[in-house]
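What's in structure_12.tsv: TSV, N, CA, C and O atoms
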chain	number	residue	atom	x	y	z
O	1	MET	N	-1.49	-1.84	10.38
O	1	MET	CA	-2.15	-0.71	9.79
O	1	MET	C	-3.55	-1.04	9.33
O	1	MET	O	-4.14	-0.28	8.60
O	2	ALA	N	-4.06	-2.15	9.71
O	2	ALA	CA	-5.40	-2.53	9.27
O	2	ALA	C	-6.39	-1.43	9.61
O	2	ALA	O	-6.37	-0.87	10.69
O	3	GLY	N	-7.24	-1.11	8.64
O	3	GLY	CA	-8.28	-0.13	8.89
O	3	GLY	C	-7.87	1.31	8.68
O	3	GLY	O	-8.64	2.21	8.96
O	4	SER	N	-6.66	1.57	8.22
O	4	SER	CA	-6.26	2.95	7.98
O	4	SER	C	-5.63	3.09	6.61
O	4	SER	O	-5.21	2.12	6.00
O	5	ALA	N	-5.58	4.31	6.14
O	5	ALA	CA	-4.93	4.63	4.87
O	5	ALA	C	-4.00	5.80	5.12
O	5	ALA	O	-4.13	6.50	6.13
O	6	SER	N	-3.09	6.02	4.22
O	6	SER	CA	-2.19	7.16	4.38
O	6	SER	C	-2.99	8.45	4.30
O	6	SER	O	-4.07	8.52	3.71
O	7	ASP	N	-2.45	9.51	4.89
O	7	ASP	CA	-3.10	10.82	4.80
O	7	ASP	C	-3.25	11.23	3.34
O	7	ASP	O	-4.26	11.81	2.95
O	8	TYR	N	-2.26	10.92	2.51
O	8	TYR	CA	-2.30	11.24	1.08
O	8	TYR	C	-3.52	10.59	0.43
O	8	TYR	O	-4.29	11.24	-0.26
O	9	LEU	N	-3.69	9.28	0.65
O	9	LEU	CA	-4.81	8.57	0.04
O	9	LEU	C	-6.15	9.06	0.58
O	9	LEU	O	-7.10	9.24	-0.18
O	10	GLU	N	-6.23	9.28	1.88
O	10	GLU	CA	-7.47	9.78	2.46
O	10	GLU	C	-7.89	11.09	1.79
O	10	GLU	O	-9.05	11.29	1.45
O	11	LYS	N	-6.94	12.02	1.60
O	11	LYS	CA	-7.24	13.31	0.98
O	11	LYS	C	-7.69	13.12	-0.47
O	11	LYS	O	-8.68	13.71	-0.91
O	12	LYS	N	-6.97	12.30	-1.23
O	12	LYS	CA	-7.31	12.08	-2.64
O	12	LYS	C	-8.70	11.48	-2.79
O	12	LYS	O	-9.48	11.91	-3.64
O	13	LEU	N	-9.02	10.49	-1.97
O	13	LEU	CA	-10.33	9.85	-2.07
O	13	LEU	C	-11.46	10.77	-1.62
O	13	LEU	O	-12.53	10.79	-2.22
O	14	LEU	N	-11.22	11.57	-0.59
O	14	LEU	CA	-12.23	12.52	-0.14
O	14	LEU	C	-12.48	13.58	-1.21
O	14	LEU	O	-13.64	13.87	-1.55
O	15	ASP	N	-11.40	14.16	-1.78
O	15	ASP	CA	-11.55	15.15	-2.85
O	15	ASP	C	-12.31	14.55	-4.04
O	15	ASP	O	-13.19	15.19	-4.61
O	16	HIS	N	-11.97	13.32	-4.40
O	16	HIS	CA	-12.63	12.66	-5.53
O	16	HIS	C	-14.12	12.44	-5.23
O	16	HIS	O	-14.98	12.73	-6.06
O	17	SER	N	-14.42	11.94	-4.04
O	17	SER	CA	-15.80	11.65	-3.66
O	17	SER	C	-16.67	12.90	-3.62
O	17	SER	O	-17.87	12.85	-3.90
O	18	LEU	N	-16.06	14.04	-3.27
O	18	LEU	CA	-16.81	15.29	-3.17
O	18	LEU	C	-16.80	16.10	-4.46
O	18	LEU	O	-17.33	17.20	-4.50
O	19	GLY	N	-16.18	15.55	-5.51
O	19	GLY	CA	-16.16	16.23	-6.79
O	19	GLY	C	-15.21	17.41	-6.85
O	19	GLY	O	-15.31	18.26	-7.73
O	20	VAL	N	-14.26	17.50	-5.92
O	20	VAL	CA	-13.29	18.60	-5.89
O	20	VAL	C	-12.17	18.37	-6.89
O	20	VAL	O	-11.72	19.29	-7.56
O	21	ALA	N	-11.70	17.14	-6.99
O	21	ALA	CA	-10.61	16.80	-7.90
O	21	ALA	C	-10.70	15.32	-8.25
O	21	ALA	O	-11.08	14.50	-7.41
O	22	ALA	N	-10.37	14.99	-9.48
O	22	ALA	CA	-10.39	13.59	-9.92
O	22	ALA	C	-9.20	12.85	-9.33
O	22	ALA	O	-8.12	13.42	-9.15
O	23	TYR	N	-9.40	11.60	-9.00
O	23	TYR	CA	-8.30	10.74	-8.53
O	23	TYR	C	-8.05	9.69	-9.60
O	23	TYR	O	-8.94	8.93	-9.96
O	24	THR	N	-6.84	9.67	-10.10
O	24	THR	CA	-6.45	8.68	-11.10
O	24	THR	C	-5.69	7.57	-10.39
O	24	THR	O	-4.69	7.83	-9.71
O	25	MET	N	-6.17	6.35	-10.53
O	25	MET	CA	-5.50	5.25	-9.84
O	25	MET	C	-4.11	5.04	-10.42
O	25	MET	O	-3.86	5.34	-11.59
O	26	PRO	N	-3.17	4.55	-9.60
O	26	PRO	CA	-1.80	4.34	-10.08
O	26	PRO	C	-1.75	3.23	-11.12
O	26	PRO	O	-2.53	2.27	-11.07
O	27	GLY	N	-0.81	3.35	-12.06
O	27	GLY	CA	-0.62	2.32	-13.07
O	27	GLY	C	-0.04	1.05	-12.49
O	27	GLY	O	-0.37	-0.06	-12.91
O	28	THR	N	0.84	1.19	-11.51
O	28	THR	CA	1.48	0.05	-10.86
O	28	THR	C	1.41	0.24	-9.35
O	28	THR	O	1.63	1.33	-8.85
O	29	VAL	N	1.09	-0.83	-8.63
O	29	VAL	CA	1.06	-0.81	-7.18
O	29	VAL	C	2.19	-1.70	-6.69
O	29	VAL	O	2.42	-2.79	-7.22
O	30	TYR	N	2.90	-1.23	-5.67
O	30	TYR	CA	4.05	-1.98	-5.15
O	30	TYR	C	3.82	-2.42	-3.71
O	30	TYR	O	3.15	-1.73	-2.94
O	31	LEU	N	4.40	-3.56	-3.37
O	31	LEU	CA	4.40	-4.08	-2.02
O	31	LEU	C	5.82	-3.91	-1.50
O	31	LEU	O	6.79	-4.29	-2.17
O	32	ALA	N	5.96	-3.29	-0.33
O	32	ALA	CA	7.29	-3.01	0.22
O	32	ALA	C	7.33	-3.42	1.69
O	32	ALA	O	6.30	-3.49	2.36
O	33	LEU	N	8.53	-3.66	2.19
O	33	LEU	CA	8.74	-4.00	3.59
O	33	LEU	C	9.36	-2.80	4.30
O	33	LEU	O	10.21	-2.11	3.74
O	34	PHE	N	8.93	-2.57	5.54
O	34	PHE	CA	9.45	-1.46	6.34
O	34	PHE	C	10.02	-1.98	7.65
O	34	PHE	O	9.61	-3.03	8.14
O	35	THR	N	10.94	-1.24	8.24
O	35	THR	CA	11.55	-1.65	9.50
O	35	THR	C	10.61	-1.42	10.69
O	35	THR	O	10.80	-1.99	11.75
O	36	ALA	N	9.60	-0.55	10.50
O	36	ALA	CA	8.58	-0.29	11.51
O	36	ALA	C	7.35	0.24	10.79
O	36	ALA	O	7.45	0.69	9.65
O	37	ASP	N	6.21	0.22	11.43
O	37	ASP	CA	4.98	0.75	10.85
O	37	ASP	C	5.19	2.21	10.48
O	37	ASP	O	5.47	3.03	11.35
O	38	PRO	N	5.04	2.56	9.20
O	38	PRO	CA	5.28	3.96	8.81
O	38	PRO	C	4.17	4.90	9.26
O	38	PRO	O	4.34	6.12	9.22
O	39	GLY	N	3.04	4.40	9.71
O	39	GLY	CA	1.95	5.26	10.16
O	39	GLY	C	1.27	5.95	8.99
O	39	GLY	O	1.61	5.73	7.82
O	40	GLU	N	0.31	6.80	9.29
O	40	GLU	CA	-0.46	7.48	8.25
O	40	GLU	C	0.30	8.63	7.62
O	40	GLU	O	0.20	8.88	6.43
O	41	ALA	N	1.04	9.40	8.39
O	41	ALA	CA	1.64	10.64	7.89
O	41	ALA	C	3.07	10.48	7.40
O	41	ALA	O	3.53	11.24	6.56
O	42	GLY	N	3.80	9.49	7.91
O	42	GLY	CA	5.22	9.40	7.60
O	42	GLY	C	5.55	8.33	6.59
O	42	GLY	O	4.84	7.35	6.46
O	43	PRO	N	6.64	8.54	5.86
O	43	PRO	CA	7.04	7.54	4.88
O	43	PRO	C	7.70	6.32	5.50
O	43	PRO	O	7.79	5.28	4.90
O	44	GLY	N	8.18	6.40	6.75
O	44	GLY	CA	8.83	5.27	7.38
O	44	GLY	C	10.18	4.98	6.76
O	44	GLY	O	10.68	5.72	5.93
O	45	THR	N	10.80	3.88	7.17
O	45	THR	CA	12.10	3.48	6.63
O	45	THR	C	11.92	2.14	5.93
O	45	THR	O	11.71	1.11	6.58
O	46	GLU	N	12.00	2.16	4.60
O	46	GLU	CA	11.87	0.93	3.84
O	46	GLU	C	13.15	0.11	3.96
O	46	GLU	O	14.24	0.65	3.99
O	47	VAL	N	13.01	-1.20	4.05
O	47	VAL	CA	14.15	-2.10	4.10
O	47	VAL	C	15.00	-1.85	2.85
O	47	VAL	O	14.47	-1.53	1.79
O	48	SER	N	16.31	-2.00	2.98
O	48	SER	CA	17.18	-1.81	1.81
O	48	SER	C	18.39	-2.73	1.92
O	48	SER	O	18.71	-3.25	2.98
O	49	GLY	N	19.05	-2.93	0.78
O	49	GLY	CA	20.28	-3.71	0.74
O	49	GLY	C	20.08	-5.20	0.57
O	49	GLY	O	18.95	-5.72	0.62
O	50	ASN	N	21.18	-5.91	0.33
O	50	ASN	CA	21.21	-7.37	0.24
O	50	ASN	C	20.22	-7.96	-0.75
O	50	ASN	O	19.61	-8.99	-0.50
O	51	GLY	N	19.99	-7.28	-1.86
O	51	GLY	CA	19.12	-7.81	-2.90
O	51	GLY	C	17.64	-7.54	-2.70
O	51	GLY	O	16.82	-7.97	-3.50
O	52	TYR	N	17.29	-6.81	-1.63
O	52	TYR	CA	15.88	-6.50	-1.39
O	52	TYR	C	15.39	-5.53	-2.46
O	52	TYR	O	16.09	-4.60	-2.85
O	53	ALA	N	14.17	-5.73	-2.93
O	53	ALA	CA	13.51	-4.79	-3.84
O	53	ALA	C	12.02	-4.88	-3.62
O	53	ALA	O	11.48	-5.97	-3.42
O	54	ARG	N	11.34	-3.72	-3.63
O	54	ARG	CA	9.88	-3.75	-3.56
O	54	ARG	C	9.37	-4.47	-4.78
O	54	ARG	O	10.04	-4.54	-5.80
O	55	GLN	N	8.17	-5.04	-4.70
O	55	GLN	CA	7.62	-5.85	-5.79
O	55	GLN	C	6.29	-5.30	-6.25
O	55	GLN	O	5.44	-4.92	-5.44
O	56	SER	N	6.12	-5.27	-7.56
O	56	SER	CA	4.82	-4.86	-8.10
O	56	SER	C	3.83	-5.98	-7.80
O	56	SER	O	4.19	-7.15	-7.71
O	57	THR	N	2.58	-5.59	-7.62
O	57	THR	CA	1.56	-6.58	-7.30
O	57	THR	C	0.21	-6.13	-7.85
O	57	THR	O	0.03	-4.97	-8.19
O	58	ALA	N	-0.69	-7.06	-7.97
O	58	ALA	CA	-2.05	-6.77	-8.40
O	58	ALA	C	-2.99	-7.23	-7.30
O	58	ALA	O	-2.68	-8.17	-6.56
O	59	PHE	N	-4.12	-6.57	-7.19
O	59	PHE	CA	-5.08	-6.91	-6.15
O	59	PHE	C	-6.39	-7.37	-6.76
O	59	PHE	O	-6.80	-6.89	-7.81
O	60	ALA	N	-7.04	-8.29	-6.07
O	60	ALA	CA	-8.39	-8.69	-6.43
O	60	ALA	C	-9.34	-7.58	-5.96
O	60	ALA	O	-8.96	-6.75	-5.13
O	61	ALA	N	-10.54	-7.56	-6.47
O	61	ALA	CA	-11.52	-6.55	-6.06
O	61	ALA	C	-11.80	-6.68	-4.55
O	61	ALA	O	-11.79	-7.78	-4.00
O	62	ALA	N	-12.04	-5.56	-3.91
O	62	ALA	CA	-12.35	-5.54	-2.48
O	62	ALA	C	-13.65	-6.29	-2.21
O	62	ALA	O	-14.55	-6.30	-3.04
O	63	ALA	N	-13.71	-6.91	-1.05
O	63	ALA	CA	-14.91	-7.64	-0.65
O	63	ALA	C	-15.01	-7.63	0.87
O	63	ALA	O	-14.00	-7.50	1.57
O	64	ALA	N	-16.21	-7.80	1.38
O	64	ALA	CA	-16.41	-7.87	2.83
O	64	ALA	C	-16.04	-9.27	3.31
O	64	ALA	O	-16.51	-10.27	2.77
O	65	VAL	N	-15.18	-9.35	4.31
O	65	VAL	CA	-14.79	-10.61	4.93
O	65	VAL	C	-15.07	-10.46	6.42
O	65	VAL	O	-14.46	-9.61	7.08
O	66	ASP	N	-15.99	-11.24	6.93
O	66	ASP	CA	-16.40	-11.15	8.35
O	66	ASP	C	-16.77	-9.72	8.73
O	66	ASP	O	-16.39	-9.22	9.79
O	67	GLY	N	-17.46	-9.02	7.84
O	67	GLY	CA	-17.92	-7.67	8.12
O	67	GLY	C	-16.89	-6.58	7.94
O	67	GLY	O	-17.16	-5.42	8.22
O	68	VAL	N	-15.69	-6.93	7.47
O	68	VAL	CA	-14.63	-5.94	7.26
O	68	VAL	C	-14.28	-5.90	5.78
O	68	VAL	O	-14.05	-6.94	5.16
O	69	MET	N	-14.25	-4.69	5.21
O	69	MET	CA	-13.90	-4.55	3.80
O	69	MET	C	-12.42	-4.85	3.64
O	69	MET	O	-11.58	-4.28	4.33
O	70	THR	N	-12.09	-5.78	2.75
O	70	THR	CA	-10.73	-6.28	2.60
O	70	THR	C	-10.35	-6.37	1.13
O	70	THR	O	-11.19	-6.68	0.29
O	71	ALA	N	-9.09	-6.10	0.83
O	71	ALA	CA	-8.54	-6.32	-0.51
O	71	ALA	C	-7.27	-7.15	-0.34
O	71	ALA	O	-6.46	-6.88	0.55
O	72	ARG	N	-7.12	-8.15	-1.15
O	72	ARG	CA	-5.95	-9.04	-1.05
O	72	ARG	C	-5.19	-9.03	-2.36
O	72	ARG	O	-5.79	-8.97	-3.43
O	73	ASN	N	-3.85	-9.13	-2.24
O	73	ASN	CA	-3.08	-9.24	-3.47
O	73	ASN	C	-3.38	-10.60	-4.09
O	73	ASN	O	-3.68	-11.56	-3.41
O	74	SER	N	-3.33	-10.65	-5.42
O	74	SER	CA	-3.81	-11.83	-6.12
O	74	SER	C	-2.77	-12.94	-6.26
O	74	SER	O	-3.11	-14.04	-6.67
O	75	THR	N	-1.51	-12.68	-5.92
O	75	THR	CA	-0.48	-13.73	-5.96
O	75	THR	C	0.43	-13.60	-4.74
O	75	THR	O	0.64	-12.51	-4.22
O	76	ALA	N	0.97	-14.72	-4.29
O	76	ALA	CA	1.89	-14.72	-3.15
O	76	ALA	C	3.18	-14.02	-3.54
O	76	ALA	O	3.64	-14.10	-4.68
O	77	LYS	N	3.80	-13.31	-2.59
O	77	LYS	CA	5.05	-12.61	-2.82
O	77	LYS	C	6.12	-13.17	-1.89
O	77	LYS	O	5.85	-13.50	-0.73
O	78	THR	N	7.34	-13.29	-2.40
O	78	THR	CA	8.47	-13.76	-1.61
O	78	THR	C	9.57	-12.73	-1.69
O	78	THR	O	9.93	-12.29	-2.80
O	79	PHE	N	10.12	-12.34	-0.56
O	79	PHE	CA	11.21	-11.37	-0.53
O	79	PHE	C	12.51	-12.08	-0.20
O	79	PHE	O	12.53	-13.02	0.58
O	80	THR	N	13.60	-11.56	-0.75
O	80	THR	CA	14.93	-12.07	-0.45
O	80	THR	C	15.25	-11.75	1.01
O	80	THR	O	14.96	-10.66	1.48
O	81	ALA	N	15.83	-12.70	1.72
O	81	ALA	CA	16.20	-12.48	3.12
O	81	ALA	C	17.24	-11.37	3.20
O	81	ALA	O	18.19	-11.32	2.41
O	82	VAL	N	17.07	-10.48	4.17
O	82	VAL	CA	18.01	-9.40	4.42
O	82	VAL	C	18.74	-9.73	5.70
O	82	VAL	O	18.12	-10.09	6.69
O	83	GLY	N	20.07	-9.66	5.66
O	83	GLY	CA	20.89	-10.02	6.82
O	83	GLY	C	20.53	-9.23	8.06
O	83	GLY	O	20.17	-8.06	7.98
O	84	GLY	N	20.62	-9.88	9.22
O	84	GLY	CA	20.29	-9.23	10.48
O	84	GLY	C	21.42	-8.36	10.99
O	84	GLY	O	22.54	-8.39	10.47
O	85	ALA	N	21.14	-7.59	12.01
O	85	ALA	CA	22.13	-6.67	12.57
O	85	ALA	C	23.04	-7.39	13.55
O	85	ALA	O	22.72	-8.34	14.14
In structure tokens, what does this structure look like?
Amino acid sequence: MAGSASDYLEKKLLDHSLGVAAYTMPGTVYLALFTADPGEAGPGTEVSGNGYARQSTAFAAAAAVDGVMTARNSTAKTFTAVGGA
């Protein structure tokens, strides 16, 4: 999904930038795993079961890396292994 944002985020940021509506950043941001790329419009299917849980995370400020604007989470995350099919 590099280079894209959800339709929801695109709309919120555009409205905010044009002065149509204020965008309040979320209090907590979560990192989650999906069984396939959820794409821009769909929620996708988040992994579930076997002790899996999405994790809250914090991000460092965005910066240009090799000409691409990038934001990285500030700490490494480890997920519990989920049994295969």
Between atom N of Gly49 in chain O and atom O of Asp7 in chain O, what is the distance, to one decimal in Å?
27.7 Å
Please provide as an NGL selection string all residues within 6 Å of Ser6 in chain O, with the sequence filter that same-chain residues fewer than 6 positions apart are discarded (counting only N, CA, C and O atoms).
:O and (39-41)
Could you pull the residues within 5 Å of range 69-83 of chain O, counting only N, CA, C and O atoms, minus those fewer than 4 positions along the same chain, as a PyMOL selection string?
chain O and resi 50+58-65
Would you mind writing down, as a list in words, each residue of chain O that DSSP on the backbone assigns to helix (DSSP H, G or I)?
Asp7, Tyr8, Leu9, Glu10, Lys11, Lys12, Leu13, Leu14, Asp15, His16 and Ser17 of chain O
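Of the residues in chain O, those given strand (DSSP E or B) by DSSP on the backbone are O:Val29, O:Tyr30, O:Leu31, O:Phe34, O:Glu46, O:Gln55, O:Ser56, O:Thr57, O:Phe59, O:Ala63, O:Ala64, O:Val65, O:Val68, O:Met69, O:Thr70, O:Asn73.
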From the list O:Val68, O:Ala53, O:Ala5, O:Leu13, which residue is nearest Tyr30 in chain O when using only C-alpha atoms?
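Selected residue with least distance to Tyr30 in chain O: O:Ala53.
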For atom N of Ser56 in chain O and CA of Leu31 in chain O, determine how far apart the two atoms are, in Å to one decimal place.
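Going from atom N of Ser56 in chain O over to CA of Leu31 in chain O covers 5.9 Å.
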Nearest to Tyr52 in chain O by atom-to-atom distance, counting only C-alpha atoms, from O:Val20, O:Leu9, O:Ala32, O:Leu14
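That would be O:Ala32, the residue with the smallest distance to Tyr52 in chain O.
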